[in-house]
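Q: The following file, upload14.txt, comprises compact mmCIF, C-alpha atoms and all ligand atoms:
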```
# COMPACT_ATOMS: atom_id res chain seq x y z
CA MET A 29 2.67 -11.13 18.19
CA PRO A 30 3.67 -10.03 14.66
CA THR A 31 4.13 -6.36 13.85
CA VAL A 32 2.92 -4.68 10.67
CA PHE A 33 3.70 -1.18 9.36
CA ILE A 34 1.12 0.12 6.89
CA THR A 35 1.70 3.34 4.97
CA GLY A 36 -1.14 5.71 4.09
CA ALA A 37 -3.43 3.90 6.49
CA SER A 38 -5.74 6.68 7.69
CA ARG A 39 -8.33 5.93 5.01
CA GLY A 40 -9.25 3.78 2.04
CA ILE A 41 -7.42 0.51 1.37
CA GLY A 42 -4.75 1.21 4.02
CA ARG A 43 -7.39 1.76 6.69
CA ALA A 44 -9.20 -1.46 5.77
CA ALA A 45 -5.85 -3.29 5.90
CA ALA A 46 -5.06 -1.85 9.34
CA LEU A 47 -8.41 -3.07 10.69
CA LEU A 48 -7.86 -6.50 9.17
CA PHE A 49 -4.30 -6.98 10.45
CA ALA A 50 -5.19 -5.66 13.90
CA GLY A 51 -8.24 -7.94 13.97
CA HIS A 52 -5.88 -10.87 13.35
CA GLY A 53 -3.72 -9.91 16.31
CA TYR A 54 -1.01 -7.95 14.53
CA LEU A 55 0.58 -5.05 16.41
CA THR A 56 -0.34 -2.42 13.84
CA ALA A 57 1.61 0.75 13.07
CA VAL A 58 -0.67 3.13 11.16
CA ASN A 59 1.26 5.65 9.09
CA TYR A 60 -0.51 8.81 8.01
CA SER A 61 0.71 11.97 6.35
CA ARG A 62 -1.81 14.72 7.13
CA SER A 63 -5.05 13.12 8.37
CA GLU A 64 -4.29 13.00 12.09
CA ALA A 65 -7.94 13.00 13.23
CA GLU A 66 -8.77 10.07 10.94
CA ALA A 67 -5.68 8.15 12.04
CA LEU A 68 -6.45 8.66 15.73
CA SER A 69 -10.06 7.62 15.24
CA LEU A 70 -8.79 4.43 13.53
CA ILE A 71 -6.51 3.73 16.50
CA ASP A 72 -9.52 4.15 18.83
CA GLU A 73 -11.56 1.77 16.69
CA ILE A 74 -8.79 -0.86 16.77
CA ARG A 75 -8.38 -0.50 20.54
CA SER A 76 -12.16 -0.78 20.99
CA PHE A 77 -12.03 -4.42 19.88
CA GLY A 78 -8.91 -5.18 21.92
CA GLY A 79 -6.40 -4.66 19.10
CA HIS A 80 -3.06 -2.91 19.38
CA ALA A 81 -2.17 0.04 17.19
CA VAL A 82 -0.13 3.23 17.12
CA ALA A 83 -0.36 6.17 14.73
CA ILE A 84 2.90 7.38 13.19
CA GLN A 85 2.97 10.62 11.22
CA GLY A 86 5.28 11.04 8.26
CA ASP A 87 5.57 11.58 4.54
CA VAL A 88 6.76 8.40 2.85
CA SER A 89 8.65 10.40 0.24
CA ASP A 90 11.06 11.52 2.98
CA PHE A 91 13.89 8.97 3.26
CA ALA A 92 15.14 10.07 6.69
CA ARG A 93 11.63 10.26 8.12
CA CYS A 94 10.88 6.71 6.94
CA ALA A 95 13.87 5.42 8.91
CA GLU A 96 12.62 7.29 11.98
CA MET A 97 9.07 5.98 11.51
CA ILE A 98 10.21 2.35 11.37
CA LYS A 99 12.28 2.96 14.51
CA GLU A 100 9.23 4.47 16.26
CA ALA A 101 7.15 1.42 15.29
CA GLU A 102 9.87 -0.95 16.51
CA ASP A 103 10.26 0.98 19.79
CA ALA A 104 6.51 0.60 20.34
CA PHE A 105 5.99 -2.97 19.17
CA GLY A 106 9.28 -4.72 18.38
CA PRO A 107 10.67 -5.77 15.01
CA VAL A 108 8.53 -4.99 11.97
CA ASP A 109 7.93 -8.37 10.25
CA THR A 110 5.46 -7.10 7.70
CA LEU A 111 5.54 -3.92 5.63
CA ILE A 112 2.62 -2.76 3.50
CA ASN A 113 3.58 -0.01 1.04
CA ASN A 114 0.10 1.30 0.39
CA ALA A 115 0.47 5.11 0.37
CA GLY A 116 -0.07 6.53 -3.07
CA ILE A 117 -1.29 9.54 -5.02
CA SER A 118 -3.02 9.80 -8.35
CA CYS A 119 -2.11 12.14 -11.18
CA ASP A 120 -5.03 12.46 -13.58
CA LYS A 121 -3.88 14.70 -16.39
CA LEU A 122 -3.17 14.75 -20.05
CA PHE A 123 0.49 13.85 -20.48
CA THR A 124 1.10 17.21 -22.13
CA ASP A 125 -0.23 18.95 -18.99
CA THR A 126 1.88 16.85 -16.62
CA SER A 127 4.50 19.16 -15.14
CA PRO A 128 7.97 18.10 -14.02
CA GLU A 129 6.69 18.67 -10.46
CA ASP A 130 3.67 16.37 -11.02
CA TRP A 131 5.98 13.72 -12.45
CA SER A 132 8.53 13.96 -9.62
CA ARG A 133 5.94 14.01 -6.85
CA THR A 134 4.07 11.00 -8.27
CA PHE A 135 7.29 8.99 -8.39
CA ALA A 136 8.54 10.32 -5.03
CA VAL A 137 5.42 9.02 -3.25
CA ASN A 138 4.41 5.96 -5.26
CA VAL A 139 7.87 4.50 -5.93
CA GLY A 140 10.10 6.48 -3.57
CA GLY A 141 7.82 5.67 -0.63
CA ALA A 142 8.23 1.93 -1.22
CA TYR A 143 11.99 2.34 -1.68
CA ASN A 144 12.34 4.44 1.49
CA CYS A 145 10.32 2.11 3.69
CA CYS A 146 11.99 -1.01 2.32
CA ARG A 147 15.43 0.51 2.93
CA ALA A 148 14.35 1.20 6.52
CA VAL A 149 12.95 -2.27 7.35
CA LEU A 150 15.19 -4.55 5.34
CA PRO A 151 18.41 -4.50 7.40
CA GLY A 152 16.41 -5.83 10.37
CA MET A 153 14.45 -8.33 8.29
CA ILE A 154 17.62 -9.62 6.62
CA SER A 155 19.39 -10.08 9.95
CA ARG A 156 16.36 -11.94 11.36
CA LYS A 157 15.95 -13.85 8.04
CA ARG A 158 12.24 -13.22 8.17
CA GLY A 159 9.83 -10.75 6.65
CA SER A 160 7.05 -10.09 4.21
CA ILE A 161 6.45 -6.99 2.10
CA VAL A 162 3.36 -6.19 0.06
CA ASN A 163 3.37 -3.25 -2.32
CA VAL A 164 0.23 -1.69 -3.77
CA SER A 165 0.48 -1.22 -7.53
CA SER A 166 -2.54 -0.76 -9.82
CA MET A 167 -4.10 -2.28 -12.92
CA TRP A 168 -2.83 0.86 -14.70
CA GLY A 169 0.69 -0.28 -13.86
CA VAL A 170 -0.09 -3.44 -15.86
CA THR A 171 -2.06 -2.02 -18.78
CA GLY A 172 -1.30 1.73 -18.79
CA GLY A 173 -4.11 4.23 -18.39
CA SER A 174 -4.89 7.13 -20.71
CA CYS A 175 -4.57 10.52 -18.94
CA GLU A 176 -2.67 8.77 -16.15
CA VAL A 177 0.79 8.38 -17.68
CA ALA A 178 2.75 9.45 -14.58
CA TYR A 179 0.58 7.31 -12.30
CA SER A 180 0.72 4.30 -14.64
CA ALA A 181 4.49 4.58 -15.05
CA SER A 182 4.96 4.82 -11.27
CA LYS A 183 2.76 1.79 -10.65
CA ALA A 184 4.59 -0.17 -13.37
CA ALA A 185 7.79 0.74 -11.53
CA VAL A 186 6.30 -0.71 -8.35
CA ILE A 187 5.83 -4.01 -10.19
CA GLY A 188 9.43 -4.03 -11.43
CA PHE A 189 10.62 -3.08 -7.96
CA THR A 190 8.59 -5.94 -6.43
CA LYS A 191 9.92 -8.58 -8.81
CA ALA A 192 13.57 -7.52 -8.60
CA LEU A 193 13.56 -7.19 -4.82
CA ALA A 194 11.80 -10.55 -4.47
CA LYS A 195 14.66 -12.20 -6.37
CA GLU A 196 17.34 -10.40 -4.38
CA ILE A 197 16.03 -11.04 -0.87
CA GLY A 198 14.22 -14.36 -1.27
CA PRO A 199 17.39 -16.16 -0.14
CA SER A 200 17.23 -14.10 3.06
CA GLY A 201 13.80 -15.55 3.85
CA ILE A 202 11.87 -12.44 2.85
CA ARG A 203 8.95 -12.39 0.44
CA VAL A 204 7.93 -9.38 -1.68
CA ASN A 205 4.63 -9.29 -3.55
CA CYS A 206 2.21 -6.73 -4.87
CA ILE A 207 -1.45 -6.31 -5.60
CA ALA A 208 -2.79 -4.58 -8.68
CA PRO A 209 -6.25 -3.28 -7.77
CA GLY A 210 -8.80 -2.31 -10.36
CA VAL A 211 -11.42 0.29 -9.48
CA ILE A 212 -11.87 0.38 -5.71
CA ASP A 213 -14.41 2.64 -4.00
CA THR A 214 -12.14 5.03 -2.07
CA ASP A 215 -11.43 8.77 -1.94
CA MET A 216 -8.95 8.27 -4.77
CA ASN A 217 -11.95 7.76 -7.04
CA SER A 218 -14.08 10.53 -5.54
CA ARG A 219 -13.81 12.42 -8.83
CA LEU A 220 -15.86 9.68 -10.52
CA SER A 221 -19.58 10.41 -10.85
CA THR A 222 -22.23 7.80 -10.09
CA ASP A 223 -22.59 7.34 -13.85
CA ASP A 224 -18.82 6.86 -14.26
CA LYS A 225 -18.84 4.19 -11.55
CA ALA A 226 -21.83 2.47 -13.14
CA ALA A 227 -20.05 2.47 -16.51
CA LEU A 228 -16.91 0.94 -14.95
CA ALA A 229 -19.03 -1.66 -13.18
CA GLY A 230 -20.62 -2.44 -16.55
CA GLU A 231 -17.17 -3.17 -18.05
CA THR A 232 -16.31 -5.49 -15.16
CA PRO A 233 -17.10 -9.21 -15.44
CA LEU A 234 -18.14 -9.26 -11.77
CA CYS A 235 -20.45 -6.30 -12.57
CA ARG A 236 -19.33 -3.92 -9.81
CA ILE A 237 -16.38 -1.96 -8.50
CA GLY A 238 -14.41 -3.25 -5.52
CA THR A 239 -14.37 -2.34 -1.86
CA PRO A 240 -11.33 -1.35 0.22
CA GLU A 241 -11.93 -4.47 2.32
CA GLU A 242 -11.57 -6.70 -0.76
CA ALA A 243 -8.21 -5.13 -1.61
CA ALA A 244 -7.15 -5.46 2.02
CA GLU A 245 -8.00 -9.19 2.06
CA ALA A 246 -5.63 -9.72 -0.88
CA ILE A 247 -2.88 -7.75 0.86
CA PHE A 248 -3.41 -9.76 4.03
CA TYR A 249 -3.26 -13.06 2.18
CA LEU A 250 0.02 -12.21 0.42
CA ALA A 251 1.53 -10.90 3.65
CA SER A 252 0.56 -13.96 5.66
CA ASP A 253 2.17 -17.37 5.95
CA LYS A 254 -0.71 -18.74 3.85
CA ALA A 255 1.28 -17.32 0.92
CA ARG A 256 4.61 -18.68 2.21
CA PHE A 257 5.68 -20.06 -1.20
CA ILE A 258 4.61 -16.96 -3.13
CA THR A 259 7.05 -14.17 -3.92
CA GLY A 260 7.40 -11.72 -6.79
CA ALA A 261 3.69 -12.09 -7.59
CA VAL A 262 1.32 -9.44 -8.95
CA LEU A 263 -2.18 -10.29 -7.77
CA ASN A 264 -5.01 -8.67 -9.73
CA VAL A 265 -7.86 -7.51 -7.50
CA ASN A 266 -10.12 -6.09 -10.15
CA GLY A 267 -13.31 -8.10 -10.66
CA GLY A 268 -11.93 -9.24 -14.01
CA ILE A 269 -11.85 -5.81 -15.69
CA VAL A 270 -8.28 -6.65 -16.74
CA ILE A 271 -7.32 -10.28 -17.21
P1 LIG B 301 -6.79 7.05 -0.74
O1 LIG B 301 -6.50 8.32 -1.43
O2 LIG B 301 -8.02 6.92 0.08
O3 LIG B 301 -5.56 6.59 0.18
C1 LIG B 301 -4.23 6.93 -0.08
C2 LIG B 301 -3.55 7.09 1.25
O4 LIG B 301 -2.16 7.40 1.03
C3 LIG B 301 -4.16 8.24 2.05
O5 LIG B 301 -4.31 7.85 3.38
C4 LIG B 301 -3.11 9.34 1.90
O6 LIG B 301 -3.10 10.25 2.97
C5 LIG B 301 -1.85 8.49 1.86
N1 LIG B 301 -0.70 9.23 1.36
C6 LIG B 301 -0.62 9.94 0.21
N2 LIG B 301 0.59 10.50 0.11
C7 LIG B 301 1.28 10.13 1.20
C8 LIG B 301 2.59 10.38 1.66
N3 LIG B 301 3.43 11.13 0.95
N4 LIG B 301 2.99 9.84 2.83
C9 LIG B 301 2.15 9.07 3.56
N5 LIG B 301 0.89 8.79 3.18
C10 LIG B 301 0.47 9.33 2.01
O7 LIG B 301 -6.81 5.96 -1.89
P2 LIG B 301 -6.74 4.36 -1.86
O8 LIG B 301 -7.55 3.94 -3.01
O9 LIG B 301 -7.01 3.79 -0.53
O10 LIG B 301 -5.20 4.15 -2.26
C11 LIG B 301 -4.35 3.23 -1.61
C12 LIG B 301 -3.39 2.67 -2.63
O11 LIG B 301 -4.14 1.90 -3.58
C13 LIG B 301 -2.64 3.72 -3.43
O12 LIG B 301 -1.29 3.31 -3.59
C14 LIG B 301 -3.36 3.71 -4.76
O13 LIG B 301 -2.53 4.15 -5.81
C15 LIG B 301 -3.73 2.26 -4.87
N6 LIG B 301 -4.80 1.94 -5.81
C16 LIG B 301 -6.06 2.43 -5.62
C17 LIG B 301 -7.04 2.10 -6.55
C18 LIG B 301 -8.45 2.60 -6.41
O14 LIG B 301 -9.24 2.40 -7.36
N7 LIG B 301 -8.84 3.22 -5.31
C19 LIG B 301 -6.74 1.30 -7.65
C20 LIG B 301 -5.45 0.85 -7.80
C21 LIG B 301 -4.49 1.16 -6.89
```
Could I get this structure in the form of structure tokens?

A:
Amino acid sequence: MPTVFITGASRGIGRAAALLFAGHGYLTAVNYSRSEAEALSLIDEIRSFGGHAVAIQGDVSDFARCAEMIKEAEDAFGPVDTLINNAGISCDKLFTDTSPEDWSRTFAVNVGGAYNCCRAVLPGMISRKRGSIVNVSSMWGVTGGSCEVAYSASKAAVIGFTKALAKEIGPSGIRVNCIAPGVIDTDMNSRLSTDDKAALAGETPLCRIGTPEEAAEAIFYLASDKARFITGAVLNVNGGIVI
């Protein structure tokens, strides 16, 4: 059975992805940073339908810990064939209020997390000549978002990272893609009021915001062999709000 490692999987898009992969028979390593109770309840839910999952605690911005986490997943389930770099943080501020610490932390998690986890899984994937990586960018990484300069820049970096790595490791049989979600109904958007969400839905050709499950379906597709001739792609999952 294939093994997947999903970062930031205790809630939101990562959680929906964990349920989807596990439901398709993947041995699923659920990374979480602080939400142990939510991660353990997700593991219970996956086991309740006969799926296989383990929870692995760790901060993706920690290079050494990422290496340990991949080893823990491989000790539990065997080689990690699929890596989903989903963990991310927002940084909603005027640029002139964005501190050096805000800037560094946003990049350490959103870009550094993908770097750290890829560094940890790739030696094994390259030696096996097999693997699939999906990174989670954002529509703001494509268009830039006002009052989200650090976040937008970090998500643009994820796109550059995806494309460059796809070129470098394609010959080793490994694909690297990313999704660029629009507005998805998760805790990350909990600051939005009902009116804000209605306004965003009104700007969206499909007339609503997205669900975590819809983002997870796109991740699953890109990760799977159904997308076996796709690498370096940025898949919009945004209801058409950005085309
Ligand atoms: P969320 O806040 O519910 O989930 C983010 C997850 O990442 C959480 O489980 C959190 O604990 C985890 N995380 C944060 N820092 C971490 C760290 N250092 N180490 C390990 N885990 C960490 O939000 P979400 O919407 O599910 O976000 C998932 C991804 O989707 C993020 O990368 C986000 O930037 C991206 N995204 C979300 C939207 C949206 O509208 N919700 C749009 C575009 C992109």

Q: Skipping near chain neighbours, those fewer than 3 positions away, what residues fall within 6 Å of range 86-89 of chain A using all atoms listed in the file, listed as an NGL selection string?

A: :A and (61 or 136-137 or 140-141)

Q: Excluding same-chain residues fewer than 4 positions from range 178-185 of chain A, what lies within 6 Å of it counting all atoms listed in the file, as a list in words?

A: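 Using all atoms listed in the file, the neighbours found are Ser118, Cys119, Trp131, Phe135, Ser165, Ser166, Trp168, Gly169, Gly172 and Phe189 of chain A.
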
Q: Those residues you just picked out, can you put them in a file as a PDB file, in the coordinates of the input with C-alpha atoms?

A:
```
ATOM      1  CA  SER A 118      -3.020   9.800  -8.350  1.00  0.00           C
ATOM      2  CA  CYS A 119      -2.110  12.140 -11.180  1.00  0.00           C
ATOM      3  CA  TRP A 131       5.980  13.720 -12.450  1.00  0.00           C
ATOM      4  CA  PHE A 135       7.290   8.990  -8.390  1.00  0.00           C
ATOM      5  CA  SER A 165       0.480  -1.220  -7.530  1.00  0.00           C
ATOM      6  CA  SER A 166      -2.540  -0.760  -9.820  1.00  0.00           C
ATOM      7  CA  TRP A 168      -2.830   0.860 -14.700  1.00  0.00           C
ATOM      8  CA  GLY A 169       0.690  -0.280 -13.860  1.00  0.00           C
ATOM      9  CA  GLY A 172      -1.300   1.730 -18.790  1.00  0.00           C
ATOM     10  CA  PHE A 189      10.620  -3.080  -7.960  1.00  0.00           C
TER      11      PHE A 189
END
```

Q: Hey, can I get the axis-aligned box for ligand LIG 301 (chain B)? All listed atoms, 4 Å padding on each side, centre and edge lengths in Å to one decimal, as JSON.

A:
```
{"center_x": -2.9, "center_y": 6.0, "center_z": -2.1, "size_x": 20.7, "size_y": 18.3, "size_z": 19.4}
```

Q: So which residues are near ligand LIG 301 (chain B), meaning at most 8 Å away with all atoms listed in the file counted, given back as a tab-separated table (two decimals) with C-alpha atoms, keeping the file's coordinate frame?

A:
```tsv
chain	number	residue	atom	x	y	z
A	35	THR	CA	1.70	3.34	4.97
A	36	GLY	CA	-1.14	5.71	4.09
A	37	ALA	CA	-3.43	3.90	6.49
A	38	SER	CA	-5.74	6.68	7.69
A	39	ARG	CA	-8.33	5.93	5.01
A	40	GLY	CA	-9.25	3.78	2.04
A	41	ILE	CA	-7.42	0.51	1.37
A	42	GLY	CA	-4.75	1.21	4.02
A	43	ARG	CA	-7.39	1.76	6.69
A	59	ASN	CA	1.26	5.65	9.09
A	60	TYR	CA	-0.51	8.81	8.01
A	61	SER	CA	0.71	11.97	6.35
A	62	ARG	CA	-1.81	14.72	7.13
A	63	SER	CA	-5.05	13.12	8.37
A	85	GLN	CA	2.97	10.62	11.22
A	86	GLY	CA	5.28	11.04	8.26
A	87	ASP	CA	5.57	11.58	4.54
A	88	VAL	CA	6.76	8.40	2.85
A	89	SER	CA	8.65	10.40	0.24
A	90	ASP	CA	11.06	11.52	2.98
A	113	ASN	CA	3.58	-0.01	1.04
A	114	ASN	CA	0.10	1.30	0.39
A	115	ALA	CA	0.47	5.11	0.37
A	116	GLY	CA	-0.07	6.53	-3.07
A	117	ILE	CA	-1.29	9.54	-5.02
A	118	SER	CA	-3.02	9.80	-8.35
A	136	ALA	CA	8.54	10.32	-5.03
A	137	VAL	CA	5.42	9.02	-3.25
A	138	ASN	CA	4.41	5.96	-5.26
A	141	GLY	CA	7.82	5.67	-0.63
A	164	VAL	CA	0.23	-1.69	-3.77
A	165	SER	CA	0.48	-1.22	-7.53
A	166	SER	CA	-2.54	-0.76	-9.82
A	167	MET	CA	-4.10	-2.28	-12.92
A	168	TRP	CA	-2.83	0.86	-14.70
A	179	TYR	CA	0.58	7.31	-12.30
A	183	LYS	CA	2.76	1.79	-10.65
A	208	ALA	CA	-2.79	-4.58	-8.68
A	209	PRO	CA	-6.25	-3.28	-7.77
A	210	GLY	CA	-8.80	-2.31	-10.36
A	211	VAL	CA	-11.42	0.29	-9.48
A	212	ILE	CA	-11.87	0.38	-5.71
A	213	ASP	CA	-14.41	2.64	-4.00
A	214	THR	CA	-12.14	5.03	-2.07
A	215	ASP	CA	-11.43	8.77	-1.94
A	216	MET	CA	-8.95	8.27	-4.77
A	217	ASN	CA	-11.95	7.76	-7.04
A	238	GLY	CA	-14.41	-3.25	-5.52
A	240	PRO	CA	-11.33	-1.35	0.22
```

Q: Compute the distance from (-8.0, -5.1, 2.1) to each atom, counting all atoms listed in the file, keep the residues with any atom at most 9 Å away, and return them as a VMD selection string; use the coordinates of the file.

A: chain A and resid 40 to 48 239 to 248

Q: In Å, how far is it from CA of Val82 in chain A to CA of Tyr143 in chain A?

A: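 CA of Tyr143 in chain A lies 22.4 Å from CA of Val82 in chain A.
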
Q: For Gly268 in chain A, which of A:Leu150, A:Ala192, A:Cys235, A:Ile98 is the closest residue, counting all atoms listed in the file?

A: A:Cys235

Q: Taking into account all atoms listed in the file, which residue in the set A:Asp120, A:Gly260, A:Arg93, A:Lys157 is nearest to Arg219 in chain A?

A: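 The shortest atom-to-atom distance to Arg219 in chain A comes from A:Asp120.
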
Q: For Leu193 in chain A, work out the shell of residues within 10 Å, counting only C-alpha atoms and skipping chain neighbours fewer than 3 positions away, then give it as number ranges by chain.

A: A: 146, 161, 187-190, 196-198, 202-205, 259-260

Q: Give me, please, the distance in Å between CA of Phe257 in chain A and CA of Ser160 in chain A, quoted to one decimal.

A: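 Interatomic distance, CA of Phe257 in chain A to CA of Ser160 in chain A: 11.4 Å.
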
Q: Rank A:Ala226, A:Val139, A:Ile271, A:Ile207 by their smallest atom-to-atom distance to Val186 in chain A, using only C-alpha atoms, and report the top residue only.

A: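 Smallest distance to Val186 in chain A is found for A:Val139.
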
Q: Could you tell me how far CA of Ala83 in chain A sits from CA of Val262 in chain A, in Å to one decimal place?

A: 28.4 Å

Q: Which residue, A:Ala65, A:Ile34, A:Cys175, A:Ala50, has the smallest gap to Cys94 in chain A when you use all atoms listed in the file?

A: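 Using all atoms listed in the file, Cys94 in chain A sits closest to A:Ile34.
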
Q: Could you give me, as a PyMOL selection string, the residues within 6 Å of Gly159 in chain A, counting only C-alpha atoms and dropping anything in the same chain fewer than 5 positions from it?

A: chain A and resi 109-110+153+202

Q: Those same residues, written as a PDB file, in the frame of the given file with C-alpha atoms?

A:
```pdb
ATOM      1  CA  ASP A 109       7.930  -8.370  10.250  1.00  0.00           C
ATOM      2  CA  THR A 110       5.460  -7.100   7.700  1.00  0.00           C
ATOM      3  CA  MET A 153      14.450  -8.330   8.290  1.00  0.00           C
ATOM      4  CA  ILE A 202      11.870 -12.440   2.850  1.00  0.00           C
TER       5      ILE A 202
END
```

Q: Which of these residues is nearest to Met29 in chain A, using only C-alpha atoms: A:Ala251, A:Ile237, A:Leu220, A:Val108?

A: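 The answer is A:Val108, which sits nearest to Met29 in chain A.
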
Q: Kindly complete range 206-230 of chain A to N, CA and C atoms; the output should be written as a PDB file, keeping the file's coordinate frame.

A:
```pdb
ATOM      1  N   CYS A 206       3.047  -7.921  -4.757  1.00  0.00           N
ATOM      2  CA  CYS A 206       2.210  -6.730  -4.870  1.00  0.00           C
ATOM      3  C   CYS A 206       0.815  -7.091  -5.334  1.00  0.00           C
ATOM      4  N   ILE A 207      -0.107  -6.180  -5.033  1.00  0.00           N
ATOM      5  CA  ILE A 207      -1.450  -6.310  -5.600  1.00  0.00           C
ATOM      6  C   ILE A 207      -1.625  -5.225  -6.658  1.00  0.00           C
ATOM      7  N   ALA A 208      -2.462  -5.538  -7.624  1.00  0.00           N
ATOM      8  CA  ALA A 208      -2.790  -4.580  -8.680  1.00  0.00           C
ATOM      9  C   ALA A 208      -4.301  -4.389  -8.680  1.00  0.00           C
ATOM     10  N   PRO A 209      -4.791  -3.472  -7.824  1.00  0.00           N
ATOM     11  CA  PRO A 209      -6.250  -3.280  -7.770  1.00  0.00           C
ATOM     12  C   PRO A 209      -6.791  -2.670  -9.050  1.00  0.00           C
ATOM     13  N   GLY A 210      -8.059  -2.984  -9.317  1.00  0.00           N
ATOM     14  CA  GLY A 210      -8.800  -2.310 -10.360  1.00  0.00           C
ATOM     15  C   GLY A 210      -9.459  -1.075  -9.760  1.00  0.00           C
ATOM     16  N   VAL A 211     -10.737  -0.888 -10.021  1.00  0.00           N
ATOM     17  CA  VAL A 211     -11.420   0.290  -9.480  1.00  0.00           C
ATOM     18  C   VAL A 211     -11.984  -0.063  -8.102  1.00  0.00           C
ATOM     19  N   ILE A 212     -11.476   0.630  -7.095  1.00  0.00           N
ATOM     20  CA  ILE A 212     -11.870   0.380  -5.710  1.00  0.00           C
ATOM     21  C   ILE A 212     -12.543   1.655  -5.190  1.00  0.00           C
ATOM     22  N   ASP A 213     -13.596   1.490  -4.442  1.00  0.00           N
ATOM     23  CA  ASP A 213     -14.410   2.640  -4.000  1.00  0.00           C
ATOM     24  C   ASP A 213     -13.749   3.346  -2.813  1.00  0.00           C
ATOM     25  N   THR A 214     -12.824   4.253  -3.113  1.00  0.00           N
ATOM     26  CA  THR A 214     -12.140   5.030  -2.070  1.00  0.00           C
ATOM     27  C   THR A 214     -12.116   6.501  -2.500  1.00  0.00           C
ATOM     28  N   ASP A 215     -11.547   7.337  -1.620  1.00  0.00           N
ATOM     29  CA  ASP A 215     -11.430   8.770  -1.940  1.00  0.00           C
ATOM     30  C   ASP A 215     -10.657   9.008  -3.228  1.00  0.00           C
ATOM     31  N   MET A 216      -9.740   8.079  -3.554  1.00  0.00           N
ATOM     32  CA  MET A 216      -8.950   8.270  -4.770  1.00  0.00           C
ATOM     33  C   MET A 216      -9.840   8.359  -6.003  1.00  0.00           C
ATOM     34  N   ASN A 217     -11.014   7.733  -5.903  1.00  0.00           N
ATOM     35  CA  ASN A 217     -11.950   7.760  -7.040  1.00  0.00           C
ATOM     36  C   ASN A 217     -13.119   8.704  -6.799  1.00  0.00           C
ATOM     37  N   SER A 218     -12.956   9.648  -5.862  1.00  0.00           N
ATOM     38  CA  SER A 218     -14.080  10.530  -5.540  1.00  0.00           C
ATOM     39  C   SER A 218     -14.441  11.437  -6.714  1.00  0.00           C
ATOM     40  N   ARG A 219     -13.506  11.590  -7.657  1.00  0.00           N
ATOM     41  CA  ARG A 219     -13.810  12.420  -8.830  1.00  0.00           C
ATOM     42  C   ARG A 219     -14.792  11.726  -9.762  1.00  0.00           C
ATOM     43  N   LEU A 220     -14.954  10.408  -9.611  1.00  0.00           N
ATOM     44  CA  LEU A 220     -15.860   9.680 -10.520  1.00  0.00           C
ATOM     45  C   LEU A 220     -17.306   9.941 -10.128  1.00  0.00           C
ATOM     46  N   SER A 221     -18.148  10.222 -11.119  1.00  0.00           N
ATOM     47  CA  SER A 221     -19.580  10.410 -10.850  1.00  0.00           C
ATOM     48  C   SER A 221     -20.234   9.037 -10.680  1.00  0.00           C
ATOM     49  N   THR A 222     -21.477   9.062 -10.222  1.00  0.00           N
ATOM     50  CA  THR A 222     -22.230   7.800 -10.090  1.00  0.00           C
ATOM     51  C   THR A 222     -22.326   7.116 -11.458  1.00  0.00           C
ATOM     52  N   ASP A 223     -22.507   7.920 -12.500  1.00  0.00           N
ATOM     53  CA  ASP A 223     -22.590   7.340 -13.850  1.00  0.00           C
ATOM     54  C   ASP A 223     -21.264   6.716 -14.280  1.00  0.00           C
ATOM     55  N   ASP A 224     -20.154   7.417 -13.932  1.00  0.00           N
ATOM     56  CA  ASP A 224     -18.820   6.860 -14.260  1.00  0.00           C
ATOM     57  C   ASP A 224     -18.638   5.499 -13.586  1.00  0.00           C
ATOM     58  N   LYS A 225     -19.024   5.453 -12.291  1.00  0.00           N
ATOM     59  CA  LYS A 225     -18.840   4.190 -11.550  1.00  0.00           C
ATOM     60  C   LYS A 225     -19.721   3.089 -12.142  1.00  0.00           C
ATOM     61  N   ALA A 226     -20.938   3.467 -12.544  1.00  0.00           N
ATOM     62  CA  ALA A 226     -21.830   2.470 -13.140  1.00  0.00           C
ATOM     63  C   ALA A 226     -21.253   1.966 -14.463  1.00  0.00           C
ATOM     64  N   ALA A 227     -20.640   2.880 -15.226  1.00  0.00           N
ATOM     65  CA  ALA A 227     -20.050   2.470 -16.510  1.00  0.00           C
ATOM     66  C   ALA A 227     -18.875   1.514 -16.265  1.00  0.00           C
ATOM     67  N   LEU A 228     -18.045   1.826 -15.258  1.00  0.00           N
ATOM     68  CA  LEU A 228     -16.910   0.940 -14.950  1.00  0.00           C
ATOM     69  C   LEU A 228     -17.401  -0.416 -14.459  1.00  0.00           C
ATOM     70  N   ALA A 229     -18.456  -0.393 -13.650  1.00  0.00           N
ATOM     71  CA  ALA A 229     -19.030  -1.660 -13.180  1.00  0.00           C
ATOM     72  C   ALA A 229     -19.532  -2.474 -14.378  1.00  0.00           C
ATOM     73  N   GLY A 230     -20.105  -1.763 -15.364  1.00  0.00           N
ATOM     74  CA  GLY A 230     -20.620  -2.440 -16.550  1.00  0.00           C
ATOM     75  C   GLY A 230     -19.530  -3.108 -17.374  1.00  0.00           C
TER      76      GLY A 230
END
```
